[in-house]
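File shown: start-v3.pdb. Contents: PDB, C-alpha atoms (C1' of nucleotides).
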ATOM      1  CA  MET A   1     255.575-156.594 -43.037
ATOM      2  CA  THR A   2     252.777-158.420 -44.812
ATOM      3  CA  ASP A   3     252.837-158.359 -48.593
ATOM      4  CA  LEU A   4     249.371-156.961 -49.263
ATOM      5  CA  ASN A   5     249.545-157.854 -52.937
ATOM      6  CA  ASP A   6     250.432-161.438 -52.077
ATOM      7  CA  VAL A   7     247.464-161.706 -49.706
ATOM      8  CA  TYR A   8     245.242-160.292 -52.416
ATOM      9  CA  GLN A   9     246.481-162.730 -55.031
ATOM     10  CA  ARG A  10     245.895-165.690 -52.740
ATOM     11  CA  LEU A  11     242.390-164.563 -51.820
ATOM     12  CA  ALA A  12     241.567-163.852 -55.451
ATOM     13  CA  ALA A  13     242.773-167.308 -56.459
ATOM     14  CA  ALA A  14     240.603-168.883 -53.773
ATOM     15  CA  TYR A  15     237.363-166.904 -54.124
ATOM     16  CA  GLY A  16     237.420-164.373 -56.910
ATOM     17  CA  PRO A  17     236.251-162.565 -58.882
ATOM     18  CA  LEU A  18     233.348-161.423 -56.708
ATOM     19  CA  HIS A  19     232.244-158.175 -58.415
ATOM     20  CA  TRP A  20     230.733-156.313 -55.493
ATOM     21  CA  TRP A  21     228.457-154.457 -54.501
ATOM     22  CA  PRO A  22     225.085-156.196 -54.985
ATOM     23  CA  ALA A  23     222.952-153.177 -55.981
ATOM     24  CA  GLU A  24     221.322-151.717 -59.075
ATOM     25  CA  THR A  25     222.122-148.017 -58.532
ATOM     26  CA  PRO A  26     224.665-145.910 -56.617
ATOM     27  CA  PHE A  27     221.917-144.722 -54.288
ATOM     28  CA  GLU A  28     220.971-148.320 -53.548
ATOM     29  CA  VAL A  29     224.598-148.925 -52.568
ATOM     30  CA  ALA A  30     224.366-146.048 -50.093
ATOM     31  CA  ILE A  31     221.124-147.428 -48.663
ATOM     32  CA  GLY A  32     222.770-150.803 -48.190
ATOM     33  CA  ALA A  33     225.871-149.247 -46.646
ATOM     34  CA  ILE A  34     223.767-147.567 -43.960
ATOM     35  CA  LEU A  35     221.448-150.504 -43.385
ATOM     36  CA  THR A  36     224.301-152.980 -42.994
ATOM     37  CA  GLN A  37     225.844-151.092 -40.074
ATOM     38  CA  ASN A  38     226.462-153.804 -37.464
ATOM     39  CA  THR A  39     223.912-155.984 -39.230
ATOM     40  CA  ASN A  40     223.889-159.251 -41.137
ATOM     41  CA  TRP A  41     223.587-158.674 -44.885
ATOM     42  CA  LYS A  42     220.631-161.073 -45.169
ATOM     43  CA  ASN A  43     218.612-158.784 -42.916
ATOM     44  CA  VAL A  44     219.626-155.848 -45.109
ATOM     45  CA  GLU A  45     218.406-157.693 -48.215
ATOM     46  CA  MET A  46     214.990-158.075 -46.622
ATOM     47  CA  ALA A  47     214.815-154.361 -45.855
ATOM     48  CA  ILE A  48     215.955-153.372 -49.353
ATOM     49  CA  GLY A  49     213.392-155.763 -50.800
ATOM     50  CA  ASN A  50     210.704-153.952 -48.828
ATOM     51  CA  LEU A  51     211.958-150.587 -50.098
ATOM     52  CA  ARG A  52     212.006-151.879 -53.662
ATOM     53  CA  ARG A  53     208.421-153.125 -53.457
ATOM     54  CA  ALA A  54     207.443-149.726 -52.050
ATOM     55  CA  GLN A  55     209.317-148.067 -54.951
ATOM     56  CA  ALA A  56     211.320-146.104 -52.394
ATOM     57  CA  LEU A  57     214.837-146.623 -53.723
ATOM     58  CA  THR A  58     215.380-143.023 -54.837
ATOM     59  CA  PRO A  59     216.258-140.015 -52.671
ATOM     60  CA  GLN A  60     213.004-138.333 -53.633
ATOM     61  CA  ALA A  61     210.745-141.294 -52.933
ATOM     62  CA  LEU A  62     212.512-142.214 -49.728
ATOM     63  CA  SER A  63     212.344-138.704 -48.314
ATOM     64  CA  GLU A  64     208.624-138.513 -49.067
ATOM     65  CA  LEU A  65     207.881-141.533 -46.874
ATOM     66  CA  SER A  66     206.727-140.773 -43.355
ATOM     67  CA  ARG A  67     209.297-141.652 -40.740
ATOM     68  CA  ASP A  68     207.035-144.341 -39.358
ATOM     69  CA  ALA A  69     206.441-145.902 -42.779
ATOM     70  CA  LEU A  70     210.159-145.966 -43.490
ATOM     71  CA  GLU A  71     210.880-147.508 -40.099
ATOM     72  CA  GLN A  72     208.467-150.343 -40.806
ATOM     73  CA  LEU A  73     209.981-151.019 -44.238
ATOM     74  CA  ILE A  74     213.543-151.264 -42.935
ATOM     75  CA  ARG A  75     212.628-152.972 -39.676
ATOM     76  CA  PRO A  76     214.295-156.310 -40.612
ATOM     77  CA  SER A  77     217.691-154.587 -40.743
ATOM     78  CA  GLY A  78     217.605-153.741 -37.044
ATOM     79  CA  PHE A  79     218.299-150.372 -35.392
ATOM     80  CA  PHE A  80     215.435-149.258 -37.607
ATOM     81  CA  ARG A  81     214.683-145.961 -35.848
ATOM     82  CA  GLN A  82     218.169-144.527 -36.104
ATOM     83  CA  LYS A  83     218.718-145.956 -39.590
ATOM     84  CA  ALA A  84     215.480-144.372 -40.829
ATOM     85  CA  GLU A  85     216.693-141.020 -39.542
ATOM     86  CA  ARG A  86     220.108-141.520 -41.162
ATOM     87  CA  LEU A  87     218.599-142.408 -44.531
ATOM     88  CA  GLN A  88     216.331-139.377 -44.560
ATOM     89  CA  LEU A  89     219.138-137.072 -43.447
ATOM     90  CA  LEU A  90     221.202-138.292 -46.409
ATOM     91  CA  CYS A  91     218.270-137.723 -48.767
ATOM     92  CA  ALA A  92     217.677-134.229 -47.394
ATOM     93  CA  TYR A  93     221.344-133.378 -47.846
ATOM     94  CA  LEU A  94     221.372-134.632 -51.437
ATOM     95  CA  GLN A  95     218.247-132.661 -52.287
ATOM     96  CA  THR A  96     219.599-129.472 -50.718
ATOM     97  CA  HIS A  97     223.151-129.638 -52.067
ATOM     98  CA  HIS A  98     223.203-131.999 -55.056
ATOM     99  CA  GLN A  99     219.816-131.778 -56.774
ATOM    100  CA  GLY A 100     218.806-135.050 -55.169
ATOM    101  CA  ARG A 101     221.558-136.949 -56.949
ATOM    102  CA  LEU A 102     224.202-138.976 -55.139
ATOM    103  CA  GLU A 103     226.102-139.184 -58.415
ATOM    104  CA  GLN A 104     226.690-135.444 -58.269
ATOM    105  CA  LEU A 105     228.252-135.667 -54.812
ATOM    106  CA  LEU A 106     230.414-138.546 -56.016
ATOM    107  CA  ARG A 107     231.690-136.666 -59.072
ATOM    108  CA  GLN A 108     233.836-134.506 -56.813
ATOM    109  CA  PRO A 109     237.445-135.271 -55.891
ATOM    110  CA  LEU A 110     237.663-138.217 -53.484
ATOM    111  CA  GLU A 111     238.630-136.374 -50.307
ATOM    112  CA  GLN A 112     236.046-133.639 -50.854
ATOM    113  CA  ALA A 113     233.273-136.191 -51.372
ATOM    114  CA  ARG A 114     234.513-138.091 -48.306
ATOM    115  CA  ARG A 115     234.414-134.987 -46.114
ATOM    116  CA  GLU A 116     230.844-134.277 -47.176
ATOM    117  CA  LEU A 117     229.703-137.804 -46.364
ATOM    118  CA  LEU A 118     231.510-137.861 -43.018
ATOM    119  CA  GLN A 119     229.837-134.683 -41.826
ATOM    120  CA  LEU A 120     226.431-136.360 -42.111
ATOM    121  CA  LYS A 121     225.012-137.836 -38.922
ATOM    122  CA  GLY A 122     225.137-141.617 -39.072
ATOM    123  CA  ILE A 123     227.764-141.868 -41.790
ATOM    124  CA  GLY A 124     231.076-142.849 -40.265
ATOM    125  CA  PRO A 125     234.312-143.729 -42.048
ATOM    126  CA  GLU A 126     233.414-147.274 -43.089
ATOM    127  CA  THR A 127     230.011-146.304 -44.434
ATOM    128  CA  ALA A 128     231.509-143.317 -46.251
ATOM    129  CA  ASP A 129     234.270-145.390 -47.823
ATOM    130  CA  SER A 130     231.814-148.092 -48.891
ATOM    131  CA  ILE A 131     229.712-145.453 -50.657
ATOM    132  CA  LEU A 132     232.748-143.802 -52.258
ATOM    133  CA  LEU A 133     234.167-147.096 -53.494
ATOM    134  CA  TYR A 134     231.120-149.119 -54.440
ATOM    135  CA  ALA A 135     228.750-146.333 -55.493
ATOM    136  CA  GLY A 136     231.277-143.805 -56.785
ATOM    137  CA  ASP A 137     234.039-146.038 -58.119
ATOM    138  CA  LEU A 138     236.497-143.874 -56.180
ATOM    139  CA  PRO A 139     239.688-145.473 -54.767
ATOM    140  CA  SER A 140     238.926-145.303 -51.042
ATOM    141  CA  PHE A 141     239.943-148.437 -49.147
ATOM    142  CA  VAL A 142     237.218-149.845 -46.876
ATOM    143  CA  VAL A 143     238.260-151.001 -43.416
ATOM    144  CA  ASP A 144     235.707-153.134 -41.614
ATOM    145  CA  ALA A 145     235.628-155.604 -38.738
ATOM    146  CA  TYR A 146     236.729-158.406 -41.061
ATOM    147  CA  THR A 147     239.697-156.382 -42.312
ATOM    148  CA  ARG A 148     240.825-155.785 -38.748
ATOM    149  CA  ARG A 149     240.421-159.433 -37.741
ATOM    150  CA  LEU A 150     242.223-160.865 -40.730
ATOM    151  CA  PHE A 151     245.169-158.515 -40.681
ATOM    152  CA  GLU A 152     245.561-158.537 -36.913
ATOM    153  CA  ARG A 153     245.955-162.307 -37.163
ATOM    154  CA  LEU A 154     248.400-161.937 -40.001
ATOM    155  CA  GLY A 155     250.451-159.668 -37.743
ATOM    156  CA  GLU A 156     249.918-156.661 -39.961
ATOM    157  CA  LEU A 157     247.688-154.610 -37.643
ATOM    158  CA  ARG A 158     247.750-153.976 -33.909
ATOM    159  CA  LYS A 159     244.593-153.842 -31.857
ATOM    160  CA  ASN A 160     243.160-150.369 -31.265
ATOM    161  CA  GLN A 161     244.652-148.831 -34.384
ATOM    162  CA  SER A 162     242.353-146.098 -35.589
ATOM    163  CA  TYR A 163     240.283-146.453 -38.728
ATOM    164  CA  GLU A 164     242.184-143.674 -40.455
ATOM    165  CA  GLN A 165     245.553-145.181 -39.580
ATOM    166  CA  ILE A 166     244.589-148.512 -41.068
ATOM    167  CA  ARG A 167     243.062-146.974 -44.182
ATOM    168  CA  GLU A 168     246.138-144.852 -44.832
ATOM    169  CA  ARG A 169     248.395-147.861 -44.266
ATOM    170  CA  PHE A 170     246.645-149.885 -46.932
ATOM    171  CA  MET A 171     246.332-147.025 -49.387
ATOM    172  CA  ALA A 172     250.013-146.155 -49.055
ATOM    173  CA  ARG A 173     251.021-149.697 -50.035
ATOM    174  CA  LEU A 174     248.510-150.462 -52.751
ATOM    175  CA  PRO A 175     247.988-148.760 -56.113
ATOM    176  CA  ALA A 176     245.163-146.193 -55.959
ATOM    177  CA  ALA A 177     242.797-148.316 -58.036
ATOM    178  CA  ALA A 178     239.084-148.582 -57.310
ATOM    179  CA  ASP A 179     238.733-151.979 -58.980
ATOM    180  CA  LEU A 180     241.532-153.367 -56.775
ATOM    181  CA  TYR A 181     240.076-151.915 -53.536
ATOM    182  CA  ASN A 182     236.630-153.105 -54.585
ATOM    183  CA  GLU A 183     237.677-156.693 -55.066
ATOM    184  CA  TYR A 184     240.096-156.725 -52.109
ATOM    185  CA  HIS A 185     237.461-155.729 -49.580
ATOM    186  CA  ALA A 186     234.941-158.161 -51.051
ATOM    187  CA  LEU A 187     237.510-160.956 -50.830
ATOM    188  CA  ILE A 188     238.329-160.175 -47.203
ATOM    189  CA  VAL A 189     234.639-160.340 -46.296
ATOM    190  CA  GLU A 190     234.071-163.511 -48.295
ATOM    191  CA  HIS A 191     237.096-165.184 -46.713
ATOM    192  CA  CYS A 192     236.089-164.366 -43.151
ATOM    193  CA  LYS A 193     232.425-165.177 -43.645
ATOM    194  CA  ARG A 194     233.177-168.620 -45.016
ATOM    195  CA  LEU A 195     235.504-169.494 -42.184
ATOM    196  CA  CYS A 196     233.242-167.988 -39.550
ATOM    197  CA  ARG A 197     230.683-170.663 -40.255
ATOM    198  CA  THR A 198     232.909-173.289 -38.721
ATOM    199  CA  ARG A 199     233.578-171.527 -35.405
ATOM    200  CA  PRO A 200     231.470-169.168 -33.336
ATOM    201  CA  ARG A 201     234.085-166.431 -33.198
ATOM    202  CA  CYS A 202     235.772-165.445 -36.413
ATOM    203  CA  GLY A 203     238.691-163.933 -34.542
ATOM    204  CA  ASP A 204     239.450-167.388 -33.177
ATOM    205  CA  CYS A 205     239.022-169.348 -36.376
ATOM    206  CA  CYS A 206     240.156-167.605 -39.533
ATOM    207  CA  LEU A 207     243.182-165.760 -38.225
ATOM    208  CA  GLY A 208     246.612-166.531 -36.924
ATOM    209  CA  ALA A 209     248.455-169.682 -36.089
ATOM    210  CA  ILE A 210     245.395-171.622 -34.951
ATOM    211  CA  CYS A 211     243.838-171.213 -38.385
ATOM    212  CA  ARG A 212     245.029-173.212 -41.360
ATOM    213  CA  HIS A 213     243.556-170.725 -43.781
ATOM    214  CA  ALA A 214     245.254-167.742 -42.194
ATOM    215  CA  ARG A 215     248.539-169.649 -41.992
ATOM    216  CA  ARG A 216     248.298-170.465 -45.659
ATOM    217  CA  LEU A 217     247.705-166.814 -46.475
ATOM    218  CA  ALA A 218     250.573-165.525 -44.402
ATOM    219  CA  PRO A 219     253.812-165.029 -46.333
ATOM    220  CA  PRO A 220     256.716-167.272 -45.318
ATOM    221  CA  ALA A 221     258.730-165.926 -42.375
TER     222      ALA A 221
ATOM    223  C1'  DG B   1     217.787-169.077 -25.570
ATOM    224  C1'  DG B   2     222.241-167.018 -26.483
ATOM    225  C1'  DC B   3     225.288-165.169 -29.682
ATOM    226  C1'  DC B   4     226.450-162.694 -33.669
ATOM    227  C1'  DA B   5     226.293-159.549 -37.644
ATOM    228  C1'  DG B   6     229.912-155.758 -43.776
ATOM    229  C1'  DG B   7     228.929-149.232 -37.261
ATOM    230  C1'  DA B   8     228.056-144.876 -35.402
ATOM    231  C1'  DC B   9     227.220-141.887 -31.748
ATOM    232  C1'  DA B  10     226.727-139.902 -27.093
ATOM    233  C1'  DC B  11     228.722-139.723 -22.898
ATOM    234  C1'  DC B  12     232.286-139.999 -19.537
ATOM    235  C1'  DA B  13     236.882-140.073 -17.323
TER     236       DA B  13
ATOM    237  C1'  DT V   1     242.009-140.033 -26.784
ATOM    238  C1'  DG V   2     239.985-144.218 -25.365
ATOM    239  C1'  DG V   3     236.418-147.107 -23.154
ATOM    240  C1'  DT V   4     231.472-148.188 -22.593
ATOM    241  C1'  DG V   5     226.455-148.323 -23.324
ATOM    242  C1'  DT V   6     222.869-147.959 -26.723
ATOM    243  C1'  DC V   7     220.435-148.886 -30.786
ATOM    244  C1'  DA V   8     217.137-153.996 -32.680
ATOM    245  C1'  DT V   9     216.250-157.583 -35.949
ATOM    246  C1'  DG V  10     216.657-162.391 -37.831
ATOM    247  C1'  DG V  11     219.525-166.589 -38.560
ATOM    248  C1'  DC V  12     222.125-170.209 -36.637
TER     249       DC V  12
END
Using structure tokens, write down the structure that the file contains.
Amino acid sequence: MTDLNDVYQRLAAAYGPLHWWPAETPFEVAIGAILTQNTNWKNVEMAIGNLRRAQALTPQALSELSRDALEQLIRPSGFFRQKAERLQLLCAYLQTHHQGRLEQLLRQPLEQARRELLQLKGIGPETADSILLYAGDLPSFVVDAYTRRLFERLGELRKNQSYEQIRERFMARLPAAADLYNEYHALIVEHCKRLCRTRPRCGDCCLGAICRHARRLAPPA
DNA sequence: GGCCAGGACACCA
DNA sequence: TGGTGTCATGGC
């Protein structure tokens, strides 16, 4: 069984500290979490830049935009029609149930806040956990494609394990600390992104026996 | 010009 | 429960 703390220490020594998430407010974190769904972060930055220039980075301002106007602002992030709907559904929910304040939703106990986010259309487990962790400072471990790739190659995860299984596995073996989960996820992404640049498929380059980096990270047999 | 990126959902067997 | 198609843009 992989020593998750050892992996963390090695990643932190190589890349850290990273201090995620790049955003000025909790709501901006949530915007980014939705916009980055299956999308390169650079495209998300362009879309957020457009929203910032339009002064639309609050639930109130964003919900007052017409759907078409919002779609055009976030167009660089791709999937702009469904993401515009998802953003405005989140805003509508916050205004109806939390006085238009994401912070109020995030002041609840972790699992309650998570259930509320997950019931919203367009917010799945990874997006919810990113919002909880990076906007709410709540200890919810984020599992993304990079997490799966890295730990499958390290022999820690099997293919086709469910999101919830993986999340629970990590949370059961790490202290429930938001700052740790925050940095750990950021390090996993940073590690995979750097190594992905050298090969077209990250799964073939940064993981497992064919990858020097992954071999170095793996604990001795 | 093809492939990929910090997912989620609807639909089907 | 698990597999597949769809959504779409910009960088490499």
Enumerate as a PDB file with C-alpha atoms, keeping the file's coordinate frame the residues belonging to chain A that approach chain B to within 9 Å, with all atoms listed in the file taken into account.
ATOM      1  CA  ALA A  33     225.871-149.247 -46.646  1.00  0.00           C
ATOM      2  CA  ILE A  34     223.767-147.567 -43.960  1.00  0.00           C
ATOM      3  CA  THR A  36     224.301-152.980 -42.994  1.00  0.00           C
ATOM      4  CA  GLN A  37     225.844-151.092 -40.074  1.00  0.00           C
ATOM      5  CA  ASN A  38     226.462-153.804 -37.464  1.00  0.00           C
ATOM      6  CA  THR A  39     223.912-155.984 -39.230  1.00  0.00           C
ATOM      7  CA  ASN A  40     223.889-159.251 -41.137  1.00  0.00           C
ATOM      8  CA  TRP A  41     223.587-158.674 -44.885  1.00  0.00           C
ATOM      9  CA  LYS A 121     225.012-137.836 -38.922  1.00  0.00           C
ATOM     10  CA  GLY A 122     225.137-141.617 -39.072  1.00  0.00           C
ATOM     11  CA  ILE A 123     227.764-141.868 -41.790  1.00  0.00           C
ATOM     12  CA  GLY A 124     231.076-142.849 -40.265  1.00  0.00           C
ATOM     13  CA  GLU A 126     233.414-147.274 -43.089  1.00  0.00           C
ATOM     14  CA  THR A 127     230.011-146.304 -44.434  1.00  0.00           C
ATOM     15  CA  ASP A 144     235.707-153.134 -41.614  1.00  0.00           C
ATOM     16  CA  ALA A 145     235.628-155.604 -38.738  1.00  0.00           C
ATOM     17  CA  TYR A 146     236.729-158.406 -41.061  1.00  0.00           C
ATOM     18  CA  VAL A 189     234.639-160.340 -46.296  1.00  0.00           C
ATOM     19  CA  PRO A 200     231.470-169.168 -33.336  1.00  0.00           C
ATOM     20  CA  ARG A 201     234.085-166.431 -33.198  1.00  0.00           C
TER      21      ARG A 201
END
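Atom CA of A:Arg194 sits 16.2 Å away from atom CA of A:Arg148.
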Explicit residues for the PyMOL selection byres ((chain A and resi 50) around 12) (as a PyMOL selection string): chain A and resi 43-49+51-57+62+69-77
Next, dump the selected residues to file, keeping only C-alpha atoms, as a PDB file, in the coordinates of the input.
ATOM      1  CA  ASN A  43     218.612-158.784 -42.916  1.00  0.00           C
ATOM      2  CA  VAL A  44     219.626-155.848 -45.109  1.00  0.00           C
ATOM      3  CA  GLU A  45     218.406-157.693 -48.215  1.00  0.00           C
ATOM      4  CA  MET A  46     214.990-158.075 -46.622  1.00  0.00           C
ATOM      5  CA  ALA A  47     214.815-154.361 -45.855  1.00  0.00           C
ATOM      6  CA  ILE A  48     215.955-153.372 -49.353  1.00  0.00           C
ATOM      7  CA  GLY A  49     213.392-155.763 -50.800  1.00  0.00           C
ATOM      8  CA  LEU A  51     211.958-150.587 -50.098  1.00  0.00           C
ATOM      9  CA  ARG A  52     212.006-151.879 -53.662  1.00  0.00           C
ATOM     10  CA  ARG A  53     208.421-153.125 -53.457  1.00  0.00           C
ATOM     11  CA  ALA A  54     207.443-149.726 -52.050  1.00  0.00           C
ATOM     12  CA  GLN A  55     209.317-148.067 -54.951  1.00  0.00           C
ATOM     13  CA  ALA A  56     211.320-146.104 -52.394  1.00  0.00           C
ATOM     14  CA  LEU A  57     214.837-146.623 -53.723  1.00  0.00           C
ATOM     15  CA  LEU A  62     212.512-142.214 -49.728  1.00  0.00           C
ATOM     16  CA  ALA A  69     206.441-145.902 -42.779  1.00  0.00           C
ATOM     17  CA  LEU A  70     210.159-145.966 -43.490  1.00  0.00           C
ATOM     18  CA  GLU A  71     210.880-147.508 -40.099  1.00  0.00           C
ATOM     19  CA  GLN A  72     208.467-150.343 -40.806  1.00  0.00           C
ATOM     20  CA  LEU A  73     209.981-151.019 -44.238  1.00  0.00           C
ATOM     21  CA  ILE A  74     213.543-151.264 -42.935  1.00  0.00           C
ATOM     22  CA  ARG A  75     212.628-152.972 -39.676  1.00  0.00           C
ATOM     23  CA  PRO A  76     214.295-156.310 -40.612  1.00  0.00           C
ATOM     24  CA  SER A  77     217.691-154.587 -40.743  1.00  0.00           C
TER      25      SER A  77
END
Output the contact residues of chain V with respect to chain A at a cut-off of 7 Å, based on only C-alpha atoms (C1' of nucleotides), as an mmCIF file with C-alpha atoms (C1' of nucleotides), in the coordinates of the input.
data_model
loop_
_atom_site.group_PDB
_atom_site.id
_atom_site.type_symbol
_atom_site.label_atom_id
_atom_site.label_comp_id
_atom_site.auth_asym_id
_atom_site.auth_seq_id
_atom_site.Cartn_x
_atom_site.Cartn_y
_atom_site.Cartn_z
ATOM 1 C "C1'" DC V 7 220.435 -148.886 -30.786
ATOM 2 C "C1'" DA V 8 217.137 -153.996 -32.680
ATOM 3 C "C1'" DT V 9 216.250 -157.583 -35.949
ATOM 4 C "C1'" DG V 10 216.657 -162.391 -37.831
#
Kindly resolve the PyMOL selection byres ((chain A and resi 135) around 7) on the present coordinates and return the residues as a ChimeraX atom specification. /A:26,29-30,131-134,136-137
Could you name the residues that touch A:Arg101 at 8 Å or less, counting all atoms listed in the file, but leaving out those on the same chain fewer than 6 positions away, as a PDB file with C-alpha atoms, in the coordinates of the input?
ATOM      1  CA  PRO A  59     216.258-140.015 -52.671  1.00  0.00           C
ATOM      2  CA  LEU A  94     221.372-134.632 -51.437  1.00  0.00           C
ATOM      3  CA  GLN A  95     218.247-132.661 -52.287  1.00  0.00           C
TER       4      GLN A  95
END
Tell me which protein, DNA and RNA residues are within 12 Å of stretch 167-179 of chain A, counting all atoms listed in the file, leaving out same-chain ones fewer than 2 positions away, and put them as a PyMOL selection string. chain A and resi 1-8+17-21+110+125-126+129-144+147-148+151+156-157+161-165+181-186
Let me make sure I understand: among A:Ala13, A:Leu120, A:Leu150, A:Ala113, which one has the smallest atom-to-atom distance to A:Ile188 if we use only C-alpha atoms? A:Leu150
Using atom CA of A:Tyr93 and atom CA of A:Ile166 as the two end points, give the distance in Å to one decimal.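 Computed distance, atom CA of A:Tyr93 to atom CA of A:Ile166, equals 28.6 Å.
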